[in-house]
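Enquirer: mmCIF, C-alpha atoms, pLDDT in the B column; chains and numbers go by the auth columns, file run-v3.cif:
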data_data
loop_
_atom_site.group_PDB
_atom_site.id
_atom_site.type_symbol
_atom_site.label_atom_id
_atom_site.label_comp_id
_atom_site.label_asym_id
_atom_site.label_seq_id
_atom_site.Cartn_x
_atom_site.Cartn_y
_atom_site.Cartn_z
_atom_site.B_iso_or_equiv
_atom_site.auth_seq_id
_atom_site.auth_asym_id
ATOM 1 C CA ILE A 1 -4.655 18.034 -26.416 82.00 1 A
ATOM 2 C CA SER A 2 -3.943 21.698 -26.075 80.00 2 A
ATOM 3 C CA SER A 3 -4.453 24.381 -23.484 70.00 3 A
ATOM 4 C CA GLU A 4 -4.650 26.851 -26.369 60.00 4 A
ATOM 5 C CA HIS A 5 -8.215 25.929 -27.312 63.00 5 A
ATOM 6 C CA ASP A 6 -11.280 25.787 -25.107 71.00 6 A
ATOM 7 C CA ALA A 7 -12.518 22.224 -25.715 77.00 7 A
ATOM 8 C CA ALA A 8 -12.557 21.577 -21.958 76.00 8 A
ATOM 9 C CA GLN A 9 -14.550 24.733 -21.267 77.00 9 A
ATOM 10 C CA LYS A 10 -17.088 23.822 -23.961 83.00 10 A
ATOM 11 C CA LEU A 11 -17.982 20.477 -22.363 86.00 11 A
ATOM 12 C CA PRO A 12 -21.649 20.697 -21.318 90.00 12 A
ATOM 13 C CA GLY A 13 -22.043 21.657 -17.668 92.00 13 A
ATOM 14 C CA HIS A 14 -24.833 19.108 -17.106 96.00 14 A
ATOM 15 C CA LEU A 15 -22.565 16.133 -17.900 96.00 15 A
ATOM 16 C CA THR A 16 -21.054 14.280 -14.965 97.00 16 A
ATOM 17 C CA ILE A 17 -17.297 13.789 -14.824 97.00 17 A
ATOM 18 C CA GLU A 18 -17.986 10.050 -15.084 97.00 18 A
ATOM 19 C CA GLU A 19 -19.872 10.566 -18.362 96.00 19 A
ATOM 20 C CA VAL A 20 -17.100 12.736 -19.786 96.00 20 A
ATOM 21 C CA ILE A 21 -14.181 10.462 -18.842 96.00 21 A
ATOM 22 C CA GLY A 22 -16.019 7.196 -19.487 95.00 22 A
ATOM 23 C CA GLY A 23 -17.645 8.341 -22.718 92.00 23 A
ATOM 24 C CA ARG A 24 -14.567 7.666 -24.850 87.00 24 A
ATOM 25 C CA MET A 25 -13.409 4.448 -23.200 91.00 25 A
ATOM 26 C CA PRO A 26 -13.211 1.319 -25.355 90.00 26 A
ATOM 27 C CA VAL A 27 -14.721 -0.756 -22.512 85.00 27 A
ATOM 28 C CA THR A 28 -18.514 -1.030 -22.400 83.00 28 A
ATOM 29 C CA ALA A 29 -19.346 -2.965 -19.193 92.00 29 A
ATOM 30 C CA PRO A 30 -20.652 -0.313 -16.762 92.00 30 A
ATOM 31 C CA GLU A 31 -18.803 -1.574 -13.649 94.00 31 A
ATOM 32 C CA GLU A 32 -15.511 -1.990 -15.536 95.00 32 A
ATOM 33 C CA LYS A 33 -15.920 1.504 -16.985 95.00 33 A
ATOM 34 C CA ARG A 34 -16.577 2.978 -13.532 96.00 34 A
ATOM 35 C CA GLN A 35 -13.460 1.284 -12.147 96.00 35 A
ATOM 36 C CA GLU A 36 -11.357 2.775 -14.963 95.00 36 A
ATOM 37 C CA VAL A 37 -12.829 6.239 -14.348 96.00 37 A
ATOM 38 C CA LEU A 38 -11.990 5.887 -10.646 97.00 38 A
ATOM 39 C CA ALA A 39 -8.455 4.745 -11.497 95.00 39 A
ATOM 40 C CA ALA A 40 -7.984 7.778 -13.773 95.00 40 A
ATOM 41 C CA LEU A 41 -9.222 10.193 -11.095 96.00 41 A
ATOM 42 C CA HIS A 42 -6.959 8.619 -8.470 95.00 42 A
ATOM 43 C CA ALA A 43 -3.921 8.566 -10.790 93.00 43 A
ATOM 44 C CA SER A 44 -4.382 12.226 -11.716 93.00 44 A
ATOM 45 C CA GLY A 45 -4.861 13.417 -8.145 92.00 45 A
ATOM 46 C CA PHE A 46 -8.194 15.038 -9.046 95.00 46 A
ATOM 47 C CA GLN A 47 -9.508 16.882 -5.992 95.00 47 A
ATOM 48 C CA MET A 48 -12.360 19.226 -5.134 95.00 48 A
ATOM 49 C CA TYR A 49 -11.889 21.982 -2.542 93.00 49 A
ATOM 50 C CA SER A 50 -14.138 23.962 -0.229 91.00 50 A
ATOM 51 C CA ASP A 51 -14.384 27.765 -0.404 88.00 51 A
ATOM 52 C CA ASN A 52 -11.611 28.031 2.203 88.00 52 A
ATOM 53 C CA GLY A 53 -9.250 25.769 0.217 85.00 53 A
ATOM 54 C CA LYS A 54 -9.670 22.522 2.176 92.00 54 A
ATOM 55 C CA PRO A 55 -9.883 19.203 0.248 92.00 55 A
ATOM 56 C CA VAL A 56 -13.440 17.894 0.022 95.00 56 A
ATOM 57 C CA GLY A 57 -14.455 14.334 -0.877 96.00 57 A
ATOM 58 C CA ASN A 58 -12.718 11.747 -3.035 97.00 58 A
ATOM 59 C CA ALA A 59 -13.118 10.060 -6.406 97.00 59 A
ATOM 60 C CA GLU A 60 -15.690 7.583 -5.084 97.00 60 A
ATOM 61 C CA THR A 61 -17.927 10.278 -3.595 97.00 61 A
ATOM 62 C CA TYR A 62 -17.647 12.448 -6.720 98.00 62 A
ATOM 63 C CA LEU A 63 -19.014 9.596 -8.858 97.00 63 A
ATOM 64 C CA ALA A 64 -21.636 8.543 -6.293 97.00 64 A
ATOM 65 C CA GLN A 65 -22.905 12.136 -6.061 97.00 65 A
ATOM 66 C CA GLY A 66 -22.789 12.699 -9.824 97.00 66 A
ATOM 67 C CA LEU A 67 -20.308 15.599 -9.787 98.00 67 A
ATOM 68 C CA LYS A 68 -21.025 17.732 -12.861 97.00 68 A
ATOM 69 C CA MET A 69 -18.696 19.636 -15.178 95.00 69 A
ATOM 70 C CA GLY A 70 -20.520 22.863 -14.313 94.00 70 A
ATOM 71 C CA GLU A 71 -19.264 22.568 -10.722 96.00 71 A
ATOM 72 C CA LEU A 72 -15.576 22.531 -11.703 94.00 72 A
ATOM 73 C CA SER A 73 -12.964 25.274 -11.965 90.00 73 A
ATOM 74 C CA GLY A 74 -11.206 25.916 -15.284 88.00 74 A
ATOM 75 C CA GLY A 75 -8.163 23.857 -14.252 89.00 75 A
ATOM 76 C CA GLN A 76 -10.344 20.964 -13.062 93.00 76 A
ATOM 77 C CA LYS A 77 -12.267 20.983 -16.360 92.00 77 A
ATOM 78 C CA HIS A 78 -8.978 20.874 -18.258 91.00 78 A
ATOM 79 C CA LEU A 79 -7.810 17.900 -16.171 93.00 79 A
ATOM 80 C CA VAL A 80 -11.078 15.988 -16.751 94.00 80 A
ATOM 81 C CA TYR A 81 -10.776 16.748 -20.480 93.00 81 A
ATOM 82 C CA ILE A 82 -7.218 15.341 -20.464 93.00 82 A
ATOM 83 C CA LEU A 83 -8.418 12.218 -18.631 94.00 83 A
ATOM 84 C CA ALA A 84 -11.201 11.749 -21.201 94.00 84 A
ATOM 85 C CA VAL A 85 -8.745 11.931 -24.099 93.00 85 A
ATOM 86 C CA LEU A 86 -6.296 9.531 -22.397 94.00 86 A
ATOM 87 C CA ALA A 87 -9.159 7.140 -21.583 93.00 87 A
ATOM 88 C CA SER A 88 -9.785 6.687 -25.320 92.00 88 A
ATOM 89 C CA ARG A 89 -6.319 5.064 -25.557 91.00 89 A
ATOM 90 C CA PRO A 90 -5.247 6.947 -28.684 93.00 90 A
ATOM 91 C CA ARG A 91 -2.582 5.498 -30.978 93.00 91 A
ATOM 92 C CA VAL A 92 -1.156 8.973 -31.664 95.00 92 A
ATOM 93 C CA LEU A 93 -1.417 11.919 -29.284 94.00 93 A
ATOM 94 C CA VAL A 94 -0.366 15.514 -29.972 94.00 94 A
ATOM 95 C CA CYS A 95 0.183 17.448 -26.742 93.00 95 A
ATOM 96 C CA ASP A 96 0.595 21.201 -27.136 93.00 96 A
ATOM 97 C CA GLU A 97 1.261 22.861 -23.761 92.00 97 A
ATOM 98 C CA ILE A 98 -0.999 20.254 -22.184 92.00 98 A
ATOM 99 C CA LEU A 99 -0.051 21.167 -18.599 92.00 99 A
ATOM 100 C CA CYS A 100 -1.112 24.839 -18.609 88.00 100 A
ATOM 101 C CA GLY A 101 -3.736 25.585 -15.991 85.00 101 A
ATOM 102 C CA LEU A 102 -2.736 22.644 -13.761 90.00 102 A
ATOM 103 C CA ASP A 103 -0.836 22.918 -10.492 90.00 103 A
ATOM 104 C CA ILE A 104 2.576 21.229 -10.269 92.00 104 A
ATOM 105 C CA ASP A 105 1.284 18.079 -8.538 92.00 105 A
ATOM 106 C CA ARG A 106 -1.364 17.540 -11.243 92.00 106 A
ATOM 107 C CA GLN A 107 1.259 18.247 -13.948 94.00 107 A
ATOM 108 C CA ALA A 108 3.469 15.475 -12.555 94.00 108 A
ATOM 109 C CA SER A 109 0.474 13.093 -12.416 93.00 109 A
ATOM 110 C CA VAL A 110 -0.481 13.794 -16.045 94.00 110 A
ATOM 111 C CA LEU A 111 3.095 13.172 -17.224 95.00 111 A
ATOM 112 C CA ARG A 112 3.121 9.828 -15.372 94.00 112 A
ATOM 113 C CA MET A 113 -0.149 8.902 -17.084 93.00 113 A
ATOM 114 C CA LEU A 114 1.261 9.841 -20.507 94.00 114 A
ATOM 115 C CA GLN A 115 4.262 7.593 -19.885 94.00 115 A
ATOM 116 C CA GLN A 116 1.966 4.739 -18.813 92.00 116 A
ATOM 117 C CA LEU A 117 -0.068 5.222 -21.989 90.00 117 A
ATOM 118 C CA GLN A 118 3.131 4.899 -24.028 92.00 118 A
ATOM 119 C CA HIS A 119 4.287 1.840 -22.107 90.00 119 A
ATOM 120 C CA HIS A 120 1.007 -0.109 -21.971 89.00 120 A
ATOM 121 C CA PHE A 121 -0.612 0.839 -25.285 90.00 121 A
ATOM 122 C CA GLY A 122 2.328 1.943 -27.465 91.00 122 A
ATOM 123 C CA THR A 123 0.908 5.432 -27.954 93.00 123 A
ATOM 124 C CA ALA A 124 3.136 7.729 -30.003 95.00 124 A
ATOM 125 C CA ILE A 125 3.276 11.175 -28.409 95.00 125 A
ATOM 126 C CA LEU A 126 4.365 14.442 -29.993 95.00 126 A
ATOM 127 C CA TYR A 127 4.965 16.605 -26.929 95.00 127 A
ATOM 128 C CA MET A 128 5.359 20.353 -27.530 94.00 128 A
ATOM 129 C CA SER A 129 6.263 22.654 -24.670 94.00 129 A
ATOM 130 C CA VAL A 130 8.264 25.685 -23.614 93.00 130 A
ATOM 131 C CA ASP A 131 8.817 23.953 -20.241 93.00 131 A
ATOM 132 C CA VAL A 132 12.285 22.358 -20.295 94.00 132 A
ATOM 133 C CA SER A 133 11.494 20.210 -17.219 93.00 133 A
ATOM 134 C CA ALA A 134 8.478 18.622 -18.920 95.00 134 A
ATOM 135 C CA VAL A 135 10.538 17.983 -22.061 94.00 135 A
ATOM 136 C CA GLU A 136 13.282 16.393 -19.952 93.00 136 A
ATOM 137 C CA ILE A 137 10.721 14.020 -18.419 94.00 137 A
ATOM 138 C CA MET A 138 8.990 13.087 -21.683 94.00 138 A
ATOM 139 C CA ALA A 139 11.573 13.243 -24.460 92.00 139 A
ATOM 140 C CA GLN A 140 12.884 10.274 -26.389 93.00 140 A
ATOM 141 C CA GLN A 141 13.971 12.686 -29.097 95.00 141 A
ATOM 142 C CA THR A 142 14.233 16.446 -28.665 95.00 142 A
ATOM 143 C CA ILE A 143 13.897 19.149 -31.294 96.00 143 A
ATOM 144 C CA PHE A 144 14.462 22.831 -30.540 96.00 144 A
ATOM 145 C CA MET A 145 12.498 25.364 -32.569 96.00 145 A
ATOM 146 C CA HIS A 146 13.427 29.028 -32.994 96.00 146 A
ATOM 147 C CA ASP A 147 11.618 31.584 -35.191 95.00 147 A
ATOM 148 C CA GLY A 148 9.446 28.836 -36.664 94.00 148 A
ATOM 149 C CA ARG A 149 12.379 26.621 -37.728 96.00 149 A
ATOM 150 C CA PHE A 150 13.885 23.440 -36.282 96.00 150 A
ATOM 151 C CA ILE A 151 17.449 24.404 -35.479 96.00 151 A
ATOM 152 C CA GLU A 152 18.693 21.547 -33.279 96.00 152 A
ATOM 153 C CA LYS A 153 17.827 17.903 -32.713 96.00 153 A
ATOM 154 C CA SER A 154 19.091 15.214 -30.323 95.00 154 A
ATOM 155 C CA GLU A 155 18.326 11.758 -28.977 94.00 155 A
ATOM 156 C CA GLY A 156 16.673 11.769 -25.568 90.00 156 A
ATOM 157 C CA CYS A 157 17.720 14.771 -23.509 88.00 157 A
ATOM 158 C CA GLU A 158 21.275 15.172 -24.823 93.00 158 A
ATOM 159 C CA MET A 159 20.451 18.677 -26.019 93.00 159 A
ATOM 160 C CA LEU A 160 19.394 19.733 -22.546 92.00 160 A
ATOM 161 C CA GLU A 161 22.813 18.737 -21.209 92.00 161 A
ATOM 162 C CA SER A 162 24.961 20.108 -24.017 94.00 162 A
ATOM 163 C CA PRO A 163 23.070 22.298 -26.499 95.00 163 A
ATOM 164 C CA GLN A 164 24.989 23.047 -29.712 95.00 164 A
ATOM 165 C CA THR A 165 23.279 26.199 -30.940 96.00 165 A
ATOM 166 C CA ARG A 166 23.461 29.599 -29.259 96.00 166 A
ATOM 167 C CA GLU A 167 19.660 29.939 -29.137 97.00 167 A
ATOM 168 C CA ALA A 168 19.139 26.553 -27.463 96.00 168 A
ATOM 169 C CA ARG A 169 22.007 27.188 -25.023 96.00 169 A
ATOM 170 C CA LEU A 170 20.564 30.543 -23.930 96.00 170 A
ATOM 171 C CA TYR A 171 17.010 29.214 -23.562 96.00 171 A
ATOM 172 C CA ILE A 172 18.024 26.130 -21.584 95.00 172 A
ATOM 173 C CA GLN A 173 20.327 28.160 -19.328 95.00 173 A
ATOM 174 C CA GLN A 174 17.526 30.616 -18.524 94.00 174 A
ATOM 175 C CA SER A 175 15.110 27.752 -17.829 92.00 175 A
ATOM 176 C CA LYS A 176 17.554 26.088 -15.451 90.00 176 A
ATOM 177 C CA GLU A 177 18.065 29.387 -13.611 91.00 177 A
ATOM 178 C CA ILE A 178 14.319 29.715 -13.086 89.00 178 A
ATOM 179 C CA THR A 179 14.154 26.131 -11.775 86.00 179 A
ATOM 180 C CA SER A 180 17.070 26.774 -9.390 85.00 180 A
ATOM 181 C CA HIS A 181 15.092 29.624 -7.786 85.00 181 A
ATOM 182 C CA SER A 182 12.078 27.384 -7.108 84.00 182 A
ATOM 183 C CA ARG A 183 13.538 26.018 -3.834 78.00 183 A
ATOM 184 C CA GLY A 184 12.676 22.469 -4.876 75.00 184 A
ATOM 185 C CA ARG A 185 9.031 23.275 -5.642 83.00 185 A
ATOM 186 C CA ASN A 186 9.203 22.407 -9.307 88.00 186 A
ATOM 187 C CA LEU A 187 7.873 19.869 -11.769 91.00 187 A
ATOM 188 C CA LEU A 188 11.026 17.753 -11.973 89.00 188 A
ATOM 189 C CA ASN A 189 11.161 17.246 -8.200 89.00 189 A
ATOM 190 C CA ALA A 190 7.426 16.560 -7.968 89.00 190 A
ATOM 191 C CA PHE A 191 7.703 13.995 -10.759 91.00 191 A
ATOM 192 C CA THR A 192 10.793 12.160 -9.525 89.00 192 A
ATOM 193 C CA SER A 193 9.968 12.184 -5.801 88.00 193 A
ATOM 194 C CA GLY A 194 6.219 11.658 -6.018 84.00 194 A
ATOM 195 C CA ILE A 195 5.923 14.060 -3.057 81.00 195 A
ATOM 196 C CA SER A 196 3.542 17.005 -3.236 81.00 196 A
ATOM 197 C CA VAL A 197 5.190 20.390 -3.588 73.00 197 A
ATOM 198 C CA PHE A 198 2.498 21.651 -1.208 71.00 198 A
ATOM 199 C CA SER A 199 3.600 19.418 1.704 65.00 199 A
#
So that I can check it, write out the structure of this file as C-alpha cells.

Expert:
Amino acid sequence: ISSEHDAAQKLPGHLTIEEVIGGRMPVTAPEEKRQEVLAALHASGFQMYSDNGKPVGNAETYLAQGLKMGELSGGQKHLVYILAVLASRPRVLVCDEILCGLDIDRQASVLRMLQQLQHHFGTAILYMSVDVSAVEIMAQQTIFMHDGRFIEKSEGCEMLESPQTREARLYIQQSKEITSHSRGRNLLNAFTSGISVFS
C-alpha cells in the first residue's frame, strides 16, 4: 500500500464502499461479509461530513444507502483502499507512507488495524516511513536509510532512543522537536490515548 500511487483514486466511482472493501475478503457469506465491512469502517473511524464540516451518518447508514466511491474525498478513498487491502488478510504487506492523506485520528486507527492484522493473522509488514512516531509504534526492527543506503539497524525502537550514526541522530532529533511543538496533537498521543486530537 502506498500513497505514492493513485490506486485509490482509480477505483471506479460507481462502486459502493461495501463492494470495494468486501470484494477482497476471503469470506463469501453475504451477511458475514457485511459484518466484516462494518467492523472495518468502525475500526478505522471512517466518517462522512456535511459541507459545513459536521459529521453525517454512520457505517450502517453508508452501507444501507449504498455510499459510492465517487462521493468520497481523496483521503476517504485512500482509507477505503487501505481497508480493502487489509480485508484480504495478506500474508506479506509492504506499506510505503501508507498514512499520507489521512488525518491523525485515522492514522492512529490504521496503525491499530495493522497491529491487529499482525497479531491475528501473522502478517509480515515492511513499514517504510519518514514519520518517526509511526515507526516507533510499528517497529519490531528498525533500519535507517540515508542517500539510498542502510546505515543503521536496531531491534525494536532502540535506534530512536540512542541512534549511533550522525545522520540518524540529527533526523530523530529534528523529528522529536517537531513533535514537541504539536501541543499533544500528534500521532503518538492519538495512538496511545485513543482520544481524538480534535476533542

Enquirer: Which distance in Å separates CA of Glu152 in chain A and CA of Thr165 in chain A, to one decimal?

Expert: 6.9 Å

Enquirer: Can you pull out the residues contacting Pro90 in chain A? Cut-off 9 Å, using all atoms listed in the file, and skip same-chain residues under 6 positions away; I want them as a VMD selection string.

Expert: chain A and resid 117 121 123 to 124

Enquirer: Can you translate the PyMOL selection byres ((chain A and resi 151) around 12) into the concrete residues it hits in this file, as a list of chain:residue names?

Expert: A:Thr142, A:Ile143, A:Phe144, A:Met145, A:His146, A:Asp147, A:Gly148, A:Arg149, A:Phe150, A:Glu152, A:Lys153, A:Ser154, A:Met159, A:Pro163, A:Gln164, A:Thr165, A:Arg166, A:Glu167, A:Ala168, A:Arg169

Enquirer: To verify the selection step, state as an mmCIF file with C-alpha atoms, keeping the file's coordinate frame which residues the PyMOL selection byres ((chain A and resi 95-99) around 6) yields on this input.

Expert:
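What ended up in part_10.cif:
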data_model
loop_
_atom_site.group_PDB
_atom_site.id
_atom_site.type_symbol
_atom_site.label_atom_id
_atom_site.label_comp_id
_atom_site.auth_asym_id
_atom_site.auth_seq_id
_atom_site.Cartn_x
_atom_site.Cartn_y
_atom_site.Cartn_z
ATOM 1 C CA ILE A 1 -4.655 18.034 -26.416
ATOM 2 C CA SER A 2 -3.943 21.698 -26.075
ATOM 3 C CA SER A 3 -4.453 24.381 -23.484
ATOM 4 C CA VAL A 94 -0.366 15.514 -29.972
ATOM 5 C CA CYS A 100 -1.112 24.839 -18.609
ATOM 6 C CA LEU A 102 -2.736 22.644 -13.761
ATOM 7 C CA GLN A 107 1.259 18.247 -13.948
ATOM 8 C CA TYR A 127 4.965 16.605 -26.929
ATOM 9 C CA MET A 128 5.359 20.353 -27.530
ATOM 10 C CA SER A 129 6.263 22.654 -24.670
#

Enquirer: Tell me which residues come within 10 Å of (2.6, 21.7, -11.9), as a ChimeraX atom specification, counting all atoms listed in the file in the file's coordinates.

Expert: /A:99-110,134,185-188,190-191,196-197

Enquirer: Kindly save the residues from that selection, with C-alpha atoms included, as an mmCIF file, keeping the file's coordinate frame.

Expert:
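Heads up, here's the output in part-v4.cif:
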data_model
loop_
_atom_site.group_PDB
_atom_site.id
_atom_site.type_symbol
_atom_site.label_atom_id
_atom_site.label_comp_id
_atom_site.auth_asym_id
_atom_site.auth_seq_id
_atom_site.Cartn_x
_atom_site.Cartn_y
_atom_site.Cartn_z
ATOM 1 C CA LEU A 99 -0.051 21.167 -18.599
ATOM 2 C CA CYS A 100 -1.112 24.839 -18.609
ATOM 3 C CA GLY A 101 -3.736 25.585 -15.991
ATOM 4 C CA LEU A 102 -2.736 22.644 -13.761
ATOM 5 C CA ASP A 103 -0.836 22.918 -10.492
ATOM 6 C CA ILE A 104 2.576 21.229 -10.269
ATOM 7 C CA ASP A 105 1.284 18.079 -8.538
ATOM 8 C CA ARG A 106 -1.364 17.540 -11.243
ATOM 9 C CA GLN A 107 1.259 18.247 -13.948
ATOM 10 C CA ALA A 108 3.469 15.475 -12.555
ATOM 11 C CA SER A 109 0.474 13.093 -12.416
ATOM 12 C CA VAL A 110 -0.481 13.794 -16.045
ATOM 13 C CA ALA A 134 8.478 18.622 -18.920
ATOM 14 C CA ARG A 185 9.031 23.275 -5.642
ATOM 15 C CA ASN A 186 9.203 22.407 -9.307
ATOM 16 C CA LEU A 187 7.873 19.869 -11.769
ATOM 17 C CA LEU A 188 11.026 17.753 -11.973
ATOM 18 C CA ALA A 190 7.426 16.560 -7.968
ATOM 19 C CA PHE A 191 7.703 13.995 -10.759
ATOM 20 C CA SER A 196 3.542 17.005 -3.236
ATOM 21 C CA VAL A 197 5.190 20.390 -3.588
#

Enquirer: Please report the interatomic distance between CA of Thr16 in chain A and CA of Gln116 in chain A in Å with one decimal.

Expert: 25.2 Å

Enquirer: Given the file shown, determine the residues that the PyMOL selection byres ((chain A and resi 21) around 10) selects; report them as an mmCIF file with C-alpha atoms, keeping the file's coordinate frame.

Expert:
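out-v1.cif written:
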data_model
loop_
_atom_site.group_PDB
_atom_site.id
_atom_site.type_symbol
_atom_site.label_atom_id
_atom_site.label_comp_id
_atom_site.auth_asym_id
_atom_site.auth_seq_id
_atom_site.Cartn_x
_atom_site.Cartn_y
_atom_site.Cartn_z
ATOM 1 C CA THR A 16 -21.054 14.280 -14.965
ATOM 2 C CA ILE A 17 -17.297 13.789 -14.824
ATOM 3 C CA GLU A 18 -17.986 10.050 -15.084
ATOM 4 C CA GLU A 19 -19.872 10.566 -18.362
ATOM 5 C CA VAL A 20 -17.100 12.736 -19.786
ATOM 6 C CA GLY A 22 -16.019 7.196 -19.487
ATOM 7 C CA GLY A 23 -17.645 8.341 -22.718
ATOM 8 C CA ARG A 24 -14.567 7.666 -24.850
ATOM 9 C CA MET A 25 -13.409 4.448 -23.200
ATOM 10 C CA LYS A 33 -15.920 1.504 -16.985
ATOM 11 C CA ARG A 34 -16.577 2.978 -13.532
ATOM 12 C CA GLU A 36 -11.357 2.775 -14.963
ATOM 13 C CA VAL A 37 -12.829 6.239 -14.348
ATOM 14 C CA LEU A 38 -11.990 5.887 -10.646
ATOM 15 C CA ALA A 40 -7.984 7.778 -13.773
ATOM 16 C CA LEU A 41 -9.222 10.193 -11.095
ATOM 17 C CA VAL A 80 -11.078 15.988 -16.751
ATOM 18 C CA TYR A 81 -10.776 16.748 -20.480
ATOM 19 C CA ILE A 82 -7.218 15.341 -20.464
ATOM 20 C CA LEU A 83 -8.418 12.218 -18.631
ATOM 21 C CA ALA A 84 -11.201 11.749 -21.201
ATOM 22 C CA VAL A 85 -8.745 11.931 -24.099
ATOM 23 C CA LEU A 86 -6.296 9.531 -22.397
ATOM 24 C CA ALA A 87 -9.159 7.140 -21.583
ATOM 25 C CA SER A 88 -9.785 6.687 -25.320
#

Enquirer: What does the distance from CA of Ser44 in chain A to CA of Glu158 in chain A come to in Å, to one decimal?

Expert: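 Value for the CA of Ser44 in chain A-CA of Glu158 in chain A distance: 29.0 Å.
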
Enquirer: Set the distance at 8 Å and use only C-alpha atoms: which residues neighbour Leu160 in chain A once local chain neighbours fewer than 5 positions away are removed? I'd like the list as a PyMOL selection string.

Expert: chain A and resi 132+136+172

Enquirer: For Gln9 in chain A, which residue out of A:His119, A:Arg91, A:His78, A:Arg112 is the nearest one, using only C-alpha atoms?

Expert: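 Of the candidates, the smallest distance to Gln9 in chain A is held by A:His78.
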
Enquirer: Given the choices A:Glu155, A:Asp131, A:Glu161, A:Asp51, which gets closest to Thr179 in chain A if the distance is worked out from only C-alpha atoms?

Expert: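 The shortest atom-to-atom distance to Thr179 in chain A comes from A:Asp131.
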
Enquirer: Identify which of the residues A:Ile195, A:Leu67, A:Leu79, A:Ala8 lies closest to Met113 in chain A, counting all atoms listed in the file when measuring atom-to-atom distances.

Expert: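 Ranked by minimum distance to Met113 in chain A, first place goes to A:Leu79.
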
Enquirer: Which residue, A:Gly74, A:Leu93, A:Cys157, A:Lys54, has the smallest gap to Ala7 in chain A when you use all atoms listed in the file?

Expert: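 For Ala7 in chain A, the nearest of the candidates is A:Gly74.
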
Enquirer: Please determine, counting only C-alpha atoms, which residue among A:Glu31, A:Met48, A:Ser182, A:Ser162 has the shortest atom-to-atom distance to Met69 in chain A.

Expert: A:Met48

Enquirer: Point out the residue among A:Val92, A:Leu15, A:Leu170, A:Ala29 with the least atom-to-atom distance to Leu72 in chain A, counting all atoms listed in the file.

Expert: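 Ranked by minimum distance to Leu72 in chain A, first place goes to A:Leu15.
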
Enquirer: For range 34-38 of chain A, which lacks atoms in the input, supply all heavy atoms and format the output as a PDB file, in the coordinates of the input.

Expert:
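Once everything was written out, this is out-v4.pdb:
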ATOM      1  N   ARG A  34     -16.644   2.176 -14.752  1.00 96.00           N
ATOM      2  CA  ARG A  34     -16.577   2.978 -13.532  1.00 96.00           C
ATOM      3  C   ARG A  34     -15.235   2.784 -12.833  1.00 96.00           C
ATOM      4  O   ARG A  34     -14.640   3.748 -12.347  1.00 96.00           O
ATOM      5  CB  ARG A  34     -17.720   2.625 -12.582  1.00 96.00           C
ATOM      6  CG  ARG A  34     -17.582   3.353 -11.243  1.00 96.00           C
ATOM      7  CD  ARG A  34     -18.860   3.331 -10.444  1.00 96.00           C
ATOM      8  NE  ARG A  34     -19.699   4.443 -10.850  1.00 96.00           N
ATOM      9  CZ  ARG A  34     -20.551   5.072 -10.041  1.00 96.00           C
ATOM     10  NH1 ARG A  34     -20.687   4.683  -8.794  1.00 96.00           N
ATOM     11  NH2 ARG A  34     -21.276   6.070 -10.475  1.00 96.00           N
ATOM     12  N   GLN A  35     -14.752   1.550 -12.798  1.00 96.00           N
ATOM     13  CA  GLN A  35     -13.460   1.284 -12.147  1.00 96.00           C
ATOM     14  C   GLN A  35     -12.324   2.003 -12.873  1.00 96.00           C
ATOM     15  O   GLN A  35     -11.396   2.511 -12.246  1.00 96.00           O
ATOM     16  CB  GLN A  35     -13.190  -0.228 -12.071  1.00 96.00           C
ATOM     17  CG  GLN A  35     -14.076  -0.966 -11.089  1.00 96.00           C
ATOM     18  CD  GLN A  35     -14.086  -0.336  -9.708  1.00 96.00           C
ATOM     19  OE1 GLN A  35     -13.041  -0.026  -9.130  1.00 96.00           O
ATOM     20  NE2 GLN A  35     -15.278  -0.095  -9.170  1.00 96.00           N
ATOM     21  N   GLU A  36     -12.397   2.060 -14.202  1.00 95.00           N
ATOM     22  CA  GLU A  36     -11.357   2.775 -14.963  1.00 95.00           C
ATOM     23  C   GLU A  36     -11.444   4.285 -14.740  1.00 95.00           C
ATOM     24  O   GLU A  36     -10.431   4.967 -14.676  1.00 95.00           O
ATOM     25  CB  GLU A  36     -11.452   2.423 -16.452  1.00 95.00           C
ATOM     26  CG  GLU A  36     -10.967   1.019 -16.743  1.00 95.00           C
ATOM     27  CD  GLU A  36     -10.471   0.842 -18.157  1.00 95.00           C
ATOM     28  OE1 GLU A  36      -9.997   1.821 -18.782  1.00 95.00           O
ATOM     29  OE2 GLU A  36     -10.554  -0.290 -18.660  1.00 95.00           O
ATOM     30  N   VAL A  37     -12.659   4.807 -14.636  1.00 96.00           N
ATOM     31  CA  VAL A  37     -12.829   6.239 -14.348  1.00 96.00           C
ATOM     32  C   VAL A  37     -12.244   6.548 -12.967  1.00 96.00           C
ATOM     33  O   VAL A  37     -11.507   7.530 -12.795  1.00 96.00           O
ATOM     34  CB  VAL A  37     -14.314   6.661 -14.419  1.00 96.00           C
ATOM     35  CG1 VAL A  37     -14.497   8.078 -13.898  1.00 96.00           C
ATOM     36  CG2 VAL A  37     -14.836   6.553 -15.850  1.00 96.00           C
ATOM     37  N   LEU A  38     -12.541   5.701 -11.988  1.00 97.00           N
ATOM     38  CA  LEU A  38     -11.990   5.887 -10.646  1.00 97.00           C
ATOM     39  C   LEU A  38     -10.469   5.836 -10.667  1.00 97.00           C
ATOM     40  O   LEU A  38      -9.796   6.661 -10.039  1.00 97.00           O
ATOM     41  CB  LEU A  38     -12.523   4.811  -9.687  1.00 97.00           C
ATOM     42  CG  LEU A  38     -13.958   5.006  -9.194  1.00 97.00           C
ATOM     43  CD1 LEU A  38     -14.441   3.757  -8.462  1.00 97.00           C
ATOM     44  CD2 LEU A  38     -14.064   6.226  -8.299  1.00 97.00           C
TER      45      LEU A  38
END
